[in-house]
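Below is upload.pdb, holding PDB, C-alpha atoms.
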ATOM      1  CA  MET A   1     -69.344  55.507 -35.999  1.00  0.00           C
ATOM      2  CA  LYS A   2     -67.628  58.857 -35.428  1.00  0.00           C
ATOM      3  CA  GLU A   3     -69.376  61.956 -34.085  1.00  0.00           C
ATOM      4  CA  LYS A   4     -69.475  63.877 -37.392  1.00  0.00           C
ATOM      5  CA  GLU A   5     -70.903  60.909 -39.298  1.00  0.00           C
ATOM      6  CA  LEU A   6     -73.517  60.266 -36.622  1.00  0.00           C
ATOM      7  CA  GLN A   7     -74.545  63.942 -36.701  1.00  0.00           C
ATOM      8  CA  ARG A   8     -74.768  63.833 -40.496  1.00  0.00           C
ATOM      9  CA  VAL A   9     -76.983  60.724 -40.455  1.00  0.00           C
ATOM     10  CA  ILE A  10     -79.260  62.205 -37.783  1.00  0.00           C
ATOM     11  CA  LEU A  11     -79.557  65.542 -39.608  1.00  0.00           C
ATOM     12  CA  SER A  12     -80.439  63.757 -42.845  1.00  0.00           C
ATOM     13  CA  GLU A  13     -83.355  62.027 -41.083  1.00  0.00           C
ATOM     14  CA  LEU A  14     -84.856  65.081 -39.378  1.00  0.00           C
ATOM     15  CA  SER A  15     -88.082  66.481 -40.763  1.00  0.00           C
ATOM     16  CA  GLU A  16     -87.974  69.877 -42.431  1.00  0.00           C
ATOM     17  CA  GLU A  17     -89.915  71.476 -39.551  1.00  0.00           C
ATOM     18  CA  VAL A  18     -87.008  70.810 -37.197  1.00  0.00           C
ATOM     19  CA  ASN A  19     -84.433  73.586 -36.938  1.00  0.00           C
ATOM     20  CA  LEU A  20     -81.372  72.234 -35.151  1.00  0.00           C
ATOM     21  CA  ARG A  21     -77.736  73.168 -35.555  1.00  0.00           C
ATOM     22  CA  PRO A  22     -75.089  70.498 -35.012  1.00  0.00           C
ATOM     23  CA  LEU A  23     -72.473  71.306 -32.379  1.00  0.00           C
ATOM     24  CA  SER A  24     -69.112  69.665 -31.867  1.00  0.00           C
ATOM     25  CA  GLY A  25     -65.822  70.139 -30.142  1.00  0.00           C
ATOM     26  CA  PHE A  26     -66.889  69.816 -26.523  1.00  0.00           C
ATOM     27  CA  LYS A  27     -63.798  69.025 -24.483  1.00  0.00           C
ATOM     28  CA  LEU A  28     -65.818  68.038 -21.431  1.00  0.00           C
ATOM     29  CA  ASN A  29     -67.716  64.774 -21.334  1.00  0.00           C
ATOM     30  CA  PHE A  30     -71.201  65.831 -20.231  1.00  0.00           C
ATOM     31  CA  SER A  31     -72.330  62.202 -20.233  1.00  0.00           C
ATOM     32  CA  ALA A  32     -72.949  60.517 -16.919  1.00  0.00           C
ATOM     33  CA  ASN A  33     -72.320  57.229 -18.700  1.00  0.00           C
ATOM     34  CA  PRO A  34     -68.692  56.380 -19.444  1.00  0.00           C
ATOM     35  CA  GLY A  35     -68.392  54.335 -22.624  1.00  0.00           C
ATOM     36  CA  PHE A  36     -70.966  56.429 -24.453  1.00  0.00           C
ATOM     37  CA  GLN A  37     -70.507  59.166 -26.987  1.00  0.00           C
ATOM     38  CA  LYS A  38     -72.840  62.112 -27.246  1.00  0.00           C
ATOM     39  CA  VAL A  39     -73.611  64.222 -30.248  1.00  0.00           C
ATOM     40  CA  TYR A  40     -74.916  67.696 -29.565  1.00  0.00           C
ATOM     41  CA  PHE A  41     -77.351  69.991 -31.297  1.00  0.00           C
ATOM     42  CA  SER A  42     -78.568  73.493 -30.563  1.00  0.00           C
ATOM     43  CA  ALA A  43     -82.118  74.818 -30.798  1.00  0.00           C
ATOM     44  CA  SER A  44     -82.648  78.544 -30.400  1.00  0.00           C
ATOM     45  CA  CYS A  45     -85.556  80.896 -29.873  1.00  0.00           C
ATOM     46  CA  ALA A  46     -86.184  84.473 -30.980  1.00  0.00           C
ATOM     47  CA  CYS A  47     -85.819  85.489 -27.311  1.00  0.00           C
ATOM     48  CA  GLU A  48     -82.126  84.552 -27.619  1.00  0.00           C
ATOM     49  CA  THR A  49     -82.375  81.447 -25.443  1.00  0.00           C
ATOM     50  CA  ALA A  50     -80.656  78.358 -26.777  1.00  0.00           C
ATOM     51  CA  ALA A  51     -81.053  74.754 -25.711  1.00  0.00           C
ATOM     52  CA  LEU A  52     -78.318  72.137 -25.813  1.00  0.00           C
ATOM     53  CA  LEU A  53     -79.878  68.891 -27.039  1.00  0.00           C
ATOM     54  CA  SER A  54     -78.071  65.599 -27.333  1.00  0.00           C
ATOM     55  CA  VAL A  55     -78.217  62.000 -28.424  1.00  0.00           C
ATOM     56  CA  GLU A  56     -76.173  59.386 -26.602  1.00  0.00           C
ATOM     57  CA  VAL A  57     -74.867  56.204 -28.217  1.00  0.00           C
ATOM     58  CA  SER A  58     -72.915  53.370 -26.636  1.00  0.00           C
ATOM     59  CA  ASN A  59     -69.393  52.913 -27.951  1.00  0.00           C
ATOM     60  CA  ASP A  60     -70.123  49.160 -27.944  1.00  0.00           C
ATOM     61  CA  LYS A  61     -72.733  49.484 -30.719  1.00  0.00           C
ATOM     62  CA  THR A  62     -71.835  48.530 -34.255  1.00  0.00           C
ATOM     63  CA  ASP A  63     -72.526  50.897 -37.127  1.00  0.00           C
ATOM     64  CA  LYS A  64     -75.411  48.644 -38.179  1.00  0.00           C
ATOM     65  CA  GLU A  65     -76.936  48.737 -34.700  1.00  0.00           C
ATOM     66  CA  ILE A  66     -76.622  52.529 -34.651  1.00  0.00           C
ATOM     67  CA  LEU A  67     -78.195  52.869 -38.094  1.00  0.00           C
ATOM     68  CA  ASP A  68     -81.042  50.575 -37.012  1.00  0.00           C
ATOM     69  CA  ALA A  69     -81.640  52.820 -33.986  1.00  0.00           C
ATOM     70  CA  ILE A  70     -81.551  56.109 -35.943  1.00  0.00           C
ATOM     71  CA  PRO A  71     -85.361  56.427 -36.250  1.00  0.00           C
ATOM     72  CA  SER A  72     -85.714  56.153 -32.470  1.00  0.00           C
ATOM     73  CA  LEU A  73     -82.808  58.542 -31.825  1.00  0.00           C
ATOM     74  CA  VAL A  74     -84.246  61.067 -34.277  1.00  0.00           C
ATOM     75  CA  GLU A  75     -87.684  60.860 -32.660  1.00  0.00           C
ATOM     76  CA  ARG A  76     -86.190  61.511 -29.215  1.00  0.00           C
ATOM     77  CA  LEU A  77     -84.220  64.475 -30.532  1.00  0.00           C
ATOM     78  CA  MET A  78     -87.312  65.903 -32.245  1.00  0.00           C
ATOM     79  CA  SER A  79     -89.261  65.430 -29.008  1.00  0.00           C
ATOM     80  CA  GLN A  80     -86.603  67.397 -27.102  1.00  0.00           C
ATOM     81  CA  GLU A  81     -86.799  70.178 -29.685  1.00  0.00           C
ATOM     82  CA  ARG A  82     -90.624  70.254 -29.557  1.00  0.00           C
ATOM     83  CA  SER A  83     -90.494  70.523 -25.759  1.00  0.00           C
ATOM     84  CA  PHE A  84     -88.084  73.469 -25.941  1.00  0.00           C
ATOM     85  CA  ARG A  85     -90.081  75.256 -28.645  1.00  0.00           C
ATOM     86  CA  GLY A  86     -93.323  74.547 -26.748  1.00  0.00           C
ATOM     87  CA  MET A  87     -92.137  76.667 -23.828  1.00  0.00           C
ATOM     88  CA  ASP A  88     -93.014  80.326 -23.883  1.00  0.00           C
ATOM     89  CA  CYS A  89     -90.292  82.957 -23.734  1.00  0.00           C
ATOM     90  CA  SER A  90     -90.948  83.686 -20.043  1.00  0.00           C
ATOM     91  CA  MET A  91     -89.996  80.069 -19.288  1.00  0.00           C
ATOM     92  CA  HIS A  92     -86.926  80.462 -21.497  1.00  0.00           C
ATOM     93  CA  GLY A  93     -86.044  83.562 -19.461  1.00  0.00           C
ATOM     94  CA  MET A  94     -86.231  81.548 -16.259  1.00  0.00           C
ATOM     95  CA  MET A  95     -83.966  78.943 -17.857  1.00  0.00           C
ATOM     96  CA  ARG A  96     -81.400  81.648 -18.662  1.00  0.00           C
ATOM     97  CA  ARG A  97     -81.465  83.140 -15.164  1.00  0.00           C
ATOM     98  CA  GLY A  98     -81.910  79.889 -13.273  1.00  0.00           C
ATOM     99  CA  PHE A  99     -84.617  78.917 -10.858  1.00  0.00           C
ATOM    100  CA  ILE A 100     -83.777  80.635  -7.577  1.00  0.00           C
ATOM    101  CA  THR A 101     -86.325  79.635  -4.945  1.00  0.00           C
ATOM    102  CA  GLY A 102     -88.012  82.475  -3.116  1.00  0.00           C
ATOM    103  CA  SER A 103     -86.462  85.257  -5.163  1.00  0.00           C
ATOM    104  CA  GLN A 104     -87.833  87.835  -7.540  1.00  0.00           C
ATOM    105  CA  GLU A 105     -85.921  85.965 -10.294  1.00  0.00           C
ATOM    106  CA  GLU A 106     -88.215  82.964  -9.915  1.00  0.00           C
ATOM    107  CA  VAL A 107     -91.398  84.799 -10.774  1.00  0.00           C
ATOM    108  CA  GLY A 108     -89.877  87.427 -13.036  1.00  0.00           C
ATOM    109  CA  SER A 109     -89.362  91.097 -12.500  1.00  0.00           C
ATOM    110  CA  PRO A 110     -92.369  93.429 -12.237  1.00  0.00           C
ATOM    111  CA  GLU A 111     -91.634  94.677 -15.751  1.00  0.00           C
ATOM    112  CA  GLU A 112     -92.090  91.132 -17.114  1.00  0.00           C
ATOM    113  CA  ASN A 113     -95.414  90.519 -15.305  1.00  0.00           C
TER     114      ASN A 113
END
Kindly return the structure encoded in the file as structure tokens.
Amino acid sequence: MKEKELQRVILSELSEEVNLRPLSGFKLNFSANPGFQKVYFSASCACETAALLSVEVSNDKTDKEILDAIPSLVERLMSQERSFRGMDCSMHGMMRRGFITGSQEEVGSPEEN
């Protein structure tokens, strides 16, 4: 199953509360597992932070096996989105800046506290 078709099937199975945007065209393989394809989605927050979410599928799986696994893949993707949306914007800010141990960045600037 090709990336676009897999994204389409996943999107068709997501509940209406989920607000994800499909992404494609990554030239880099972010997967640590060769022989797997990843499909990417974006979740964003009003604080302008965006999360890159993904689902990974083995290239060895048949279309039937993939379709059988869609409910599980969709649940994992929805769980990732819930985790991102469950974070407050101060946590999103730390994600944008990075977690720098022992610096003012880690705890936020005085204006944010």
Contacts of Glu56 (chain A) within 9 Å, all atoms listed in the file, excl. fewer than 5 positions in-chain, as JSON, numbers by chain: {"A": [31, 36, 37, 38, 39, 40, 73]}
Could you save those same residues with C-alpha atoms as a tab-separated table (two decimals), keeping the file's coordinate frame?
chain	number	residue	atom	x	y	z
A	31	SER	CA	-72.33	62.20	-20.23
A	36	PHE	CA	-70.97	56.43	-24.45
A	37	GLN	CA	-70.51	59.17	-26.99
A	38	LYS	CA	-72.84	62.11	-27.25
A	39	VAL	CA	-73.61	64.22	-30.25
A	40	TYR	CA	-74.92	67.70	-29.56
A	73	LEU	CA	-82.81	58.54	-31.82
Ground truth for the PyMOL selection byres ((chain A and resi 64-71) around 8), written as a ChimeraX atom specification: /A:1,9-10,13,57,61-63,72-75
Selected residue, from A:Gln80, A:Ser44, A:Ser54, A:Thr49, that lies nearest to Met94 (chain A) when counting all atoms listed in the file: A:Thr49
Nearest residue to Ala51 (chain A) from the set A:Gln7, A:Ser24, A:Phe84, A:Arg76 (distances using all atoms listed in the file): A:Phe84
Coordinates-based distance that separates CA of Leu14 (chain A) from CA of Glu81 (chain A) (Å, one decimal): 11.1 Å
Explicit residues for the PyMOL selection byres ((chain A and resi 17) around 12) (as an MDAnalysis selection string): chainID A and resid 11 13:16 18:20 78 81:82 85
